[in-house]
Amino acid sequence: MAEERAYAKVNLTLDILRRRPDGYHDMRMVMQSISLCDTLSVEPKAGRDIQLDTNLSFLPCDRSNIVQKAAAAFFTETGIAPAGYRVSLHKRIPVCAGTGGGSSDGAAMLRYLRRTLAPELPDGELLRIAALVGSDVPFCLFGGTALAEGRGELLQPAAPLPKCAFLLCKPDFPISTPELFAQVRAHRLRYHPDTVGMLQALAEGDLPGVCRRLYNVFEDILPRKYQKVWELKRLLMDCGAMGASMTGSGPTVFGIYAGRMEAEEAAGEMGKICRFVAVAEPVSSEEIRRAAGERGDAQPAF
């Protein structure tokens, strides 16, 4: 039995540049892995199928689950004969929350299969397979701090986020990603994040500068029925956050604090009004690789 951690992500910035001819949107995002994680326990078994179970009864365990999709893509693209596995997925990352829970699970399965079946497979090839599974899966493979462009699959490493802590708060409702994208008119977005400034603040280790530049354009087009998102942002700032923003297409909102103690104190207050709260810390790409027992390419593919 092997265990693979699947780390959540937050968007320090999220920008939408244009709609593409293929129906997707070109994005520009600064993304960060955090210590909140799911766990995949994987054990080889006889046969050629994936036997998946989770601790959440409402999650599908058939081929529609992203863990199953990731395994299928790996075997198809590498030409390796499919093998059988028992996979137990313990979810801690909230579902449909903008925190990459599904993408990170798929990425964790890909890391496991590469490590055990094809350790010589280059990072670039694994990233290509990940992009076939989902737009955020490539980032979740190696995580850390990165600039993501295209659909999210074009990655460049960024300087690591300075030491800090995150407080995540998820309202008790989902937000449909297709619903938000349907409302996007990229040329009509009034404001855009200062992506260059964010990358510069990271390079300088300037945490206040990072916090001043947190921005997600989806917040500009949220329907009023989701106003709890804005309320949570305000409350996080009232509870001492240096900055706050929604991650992904929401509804999870996060605040950045100078240290874990401050974040945990705020969690006590935010927990009175929000059912899901979690304190987490930044995770680097090197930590993810070490946890997976990998060295990676001498020159990362991104």
# chains A, B, ... in the order shown; residues from 1 in each chain; ligands from 1
$ residues_around --residues "segment 157-161 of chain A" --least-positions-apart "3" --cutoff "8 Å" --atoms "only C-alpha atoms" --output "list in words"
Gln32, Gly144, Thr145, Ala146, Leu147, Cys164, Leu199, Leu202, Ala203, Gly205, Leu207, Pro282, Ser284 and Phe302 of chain A
$ write_last_selection --atoms "N, CA and C atoms" --output "mmCIF file, in the first residue's frame"
data_model
loop_
_atom_site.group_PDB
_atom_site.id
_atom_site.type_symbol
_atom_site.label_atom_id
_atom_site.label_comp_id
_atom_site.auth_asym_id
_atom_site.auth_seq_id
_atom_site.Cartn_x
_atom_site.Cartn_y
_atom_site.Cartn_z
ATOM 1 N N GLN A 32 -0.918 28.724 -6.254
ATOM 2 C CA GLN A 32 -0.119 28.330 -5.097
ATOM 3 C C GLN A 32 -0.665 27.049 -4.487
ATOM 4 N N GLY A 144 3.606 24.031 -6.086
ATOM 5 C CA GLY A 144 4.464 25.119 -5.655
ATOM 6 C C GLY A 144 3.824 26.458 -5.979
ATOM 7 N N THR A 145 4.603 27.375 -6.525
ATOM 8 C CA THR A 145 4.118 28.686 -6.948
ATOM 9 C C THR A 145 4.410 28.810 -8.430
ATOM 10 N N ALA A 146 3.405 29.105 -9.246
ATOM 11 C CA ALA A 146 3.626 29.125 -10.686
ATOM 12 C C ALA A 146 2.661 30.075 -11.373
ATOM 13 N N LEU A 147 3.109 30.577 -12.522
ATOM 14 C CA LEU A 147 2.251 31.314 -13.434
ATOM 15 C C LEU A 147 1.660 30.315 -14.413
ATOM 16 N N CYS A 164 3.868 32.181 5.418
ATOM 17 C CA CYS A 164 2.604 32.784 5.822
ATOM 18 C C CYS A 164 1.625 31.657 6.111
ATOM 19 N N LEU A 199 4.115 38.809 -9.550
ATOM 20 C CA LEU A 199 5.338 38.034 -9.748
ATOM 21 C C LEU A 199 6.554 38.775 -9.185
ATOM 22 N N LEU A 202 6.530 38.472 -5.403
ATOM 23 C CA LEU A 202 7.021 37.138 -5.033
ATOM 24 C C LEU A 202 8.544 37.085 -5.143
ATOM 25 N N ALA A 203 9.077 37.624 -6.229
ATOM 26 C CA ALA A 203 10.525 37.601 -6.429
ATOM 27 C C ALA A 203 11.247 38.365 -5.328
ATOM 28 N N GLY A 205 10.110 38.635 -2.243
ATOM 29 C CA GLY A 205 9.729 38.117 -0.923
ATOM 30 C C GLY A 205 8.871 39.092 -0.145
ATOM 31 N N LEU A 207 5.624 39.923 1.175
ATOM 32 C CA LEU A 207 4.299 39.375 1.479
ATOM 33 C C LEU A 207 3.215 40.452 1.470
ATOM 34 N N PRO A 282 1.687 27.439 2.739
ATOM 35 C CA PRO A 282 2.172 27.213 1.374
ATOM 36 C C PRO A 282 3.005 25.930 1.298
ATOM 37 N N SER A 284 5.801 23.996 -1.355
ATOM 38 C CA SER A 284 6.647 24.218 -2.514
ATOM 39 C C SER A 284 6.625 23.008 -3.439
ATOM 40 N N PHE A 302 8.430 23.091 -16.849
ATOM 41 C CA PHE A 302 7.840 24.425 -16.869
ATOM 42 C C PHE A 302 8.666 25.368 -16.004
#
$ residues_around --residues "segment 95-105 of chain A" --least-positions-apart "2" --cutoff "8 Å" --atoms "only C-alpha atoms" --output "number ranges by chain"
A: 6-10, 38, 40, 66-67, 93, 107-109, 134, 136-137, 140-141, 170, 174-175, 247-252
$ write_last_selection --atoms "C-alpha atoms" --output "compact mmCIF listing (two decimals), in the first residue's frame"
# COMPACT_ATOMS: atom_id res chain seq x y z
CA ALA A 6 -3.01 15.45 -3.28
CA TYR A 7 -2.47 19.10 -2.37
CA ALA A 8 -5.12 21.79 -2.75
CA LYS A 9 -4.40 25.04 -4.59
CA VAL A 10 -5.44 28.66 -4.37
CA ASP A 38 -6.47 14.57 0.15
CA LEU A 40 -4.74 8.40 -2.10
CA ILE A 66 -10.95 11.98 -12.21
CA VAL A 67 -8.71 9.37 -10.58
CA ILE A 93 -10.33 19.26 0.27
CA ALA A 107 -2.44 14.51 -10.46
CA ALA A 108 -1.60 12.32 -7.48
CA MET A 109 -2.65 9.21 -9.42
CA GLY A 134 -8.12 18.54 -16.84
CA ASP A 136 -5.67 22.39 -13.47
CA VAL A 137 -4.13 18.90 -13.38
CA CYS A 140 -1.30 20.10 -9.42
CA LEU A 141 1.33 17.59 -10.59
CA LYS A 170 -16.26 27.77 2.06
CA PRO A 174 -21.67 25.58 -4.96
CA ILE A 175 -20.93 27.93 -7.82
CA THR A 247 -10.03 31.09 -5.37
CA GLY A 248 -10.87 29.64 -8.77
CA SER A 249 -14.54 29.90 -9.65
CA GLY A 250 -15.35 29.74 -5.95
CA PRO A 251 -17.08 29.76 -3.66
CA THR A 252 -14.12 29.28 -1.30
$ select_by_dssp --residues "segment 153-284 of chain A" --states "helix (DSSP H, G or I)" --output "PyMOL selection string"
chain A and resi 177-182+186-188+195-203+207-212+217-221+224-226+228-238+260-270
$ closest_residue --among "A:Ser245, A:Ile288, A:Arg86, A:Leu180" --to "Thr54 of chain A" --atoms "only C-alpha atoms"
A:Arg86
$ closest_residue --among "A:Val133, A:Met27, A:Val87, A:Met237" --to "Gln51 of chain A" --atoms "only C-alpha atoms"
A:Val87
$ closest_residue --among "A:Ala241, A:Ala292, A:Tyr85, A:Pro178" --to "Cys211 of chain A" --atoms "only C-alpha atoms"
A:Ala241
$ closest_residue --among "A:Arg20, A:Arg190, A:Lys91, A:Lys233" --to "Val217 of chain A" --atoms "only C-alpha atoms"
A:Arg190
$ closest_residue --among "A:Thr78, A:Leu189, A:Ser33, A:Glu231" --to "Pro119 of chain A" --atoms "only C-alpha atoms"
A:Thr78
$ residues_around --residues "Asp62 of chain A" --least-positions-apart "2" --cutoff "10 Å" --atoms "only C-alpha atoms" --output "MDAnalysis selection string"
chainID A and resid 50:53 59:60 64:69
$ closest_residue --among "A:Pro193, A:Gly259, A:Gln183, A:Arg234" --to "Leu222 of chain A" --atoms "only C-alpha atoms"
A:Gln183
$ select_by_dssp --residues "segment 18-233 of chain A" --states "strand (DSSP E)" --output "number ranges by chain"
A: 18-19, 25-45, 50-54, 84-90, 145-150, 154-157, 165-170, 215-216
$ residues_around --residues "Ala291 of chain A" --least-positions-apart "6" --cutoff "10 Å" --atoms "only C-alpha atoms" --output "list of chain:residue names"
A:Glu3, A:Glu4, A:Arg5, A:Ser285
$ write_last_selection --atoms "N, CA and C atoms" --output "PDB file, in the first residue's frame"
ATOM      1  N   GLU A   3       0.936   5.610  -0.226  1.00  0.00           N
ATOM      2  CA  GLU A   3       0.113   6.797  -0.032  1.00  0.00           C
ATOM      3  C   GLU A   3       0.652   7.952  -0.859  1.00  0.00           C
ATOM      4  N   GLU A   4      -0.242   8.674  -1.478  1.00  0.00           N
ATOM      5  CA  GLU A   4       0.106   9.835  -2.290  1.00  0.00           C
ATOM      6  C   GLU A   4      -0.740  11.008  -1.825  1.00  0.00           C
ATOM      7  N   ARG A   5      -0.080  12.105  -1.490  1.00  0.00           N
ATOM      8  CA  ARG A   5      -0.811  13.298  -1.077  1.00  0.00           C
ATOM      9  C   ARG A   5      -1.238  14.118  -2.282  1.00  0.00           C
ATOM     10  N   SER A 285       7.052  23.232  -4.670  1.00  0.00           N
ATOM     11  CA  SER A 285       7.166  22.138  -5.633  1.00  0.00           C
ATOM     12  C   SER A 285       8.155  21.091  -5.133  1.00  0.00           C
TER      13      SER A 285
END
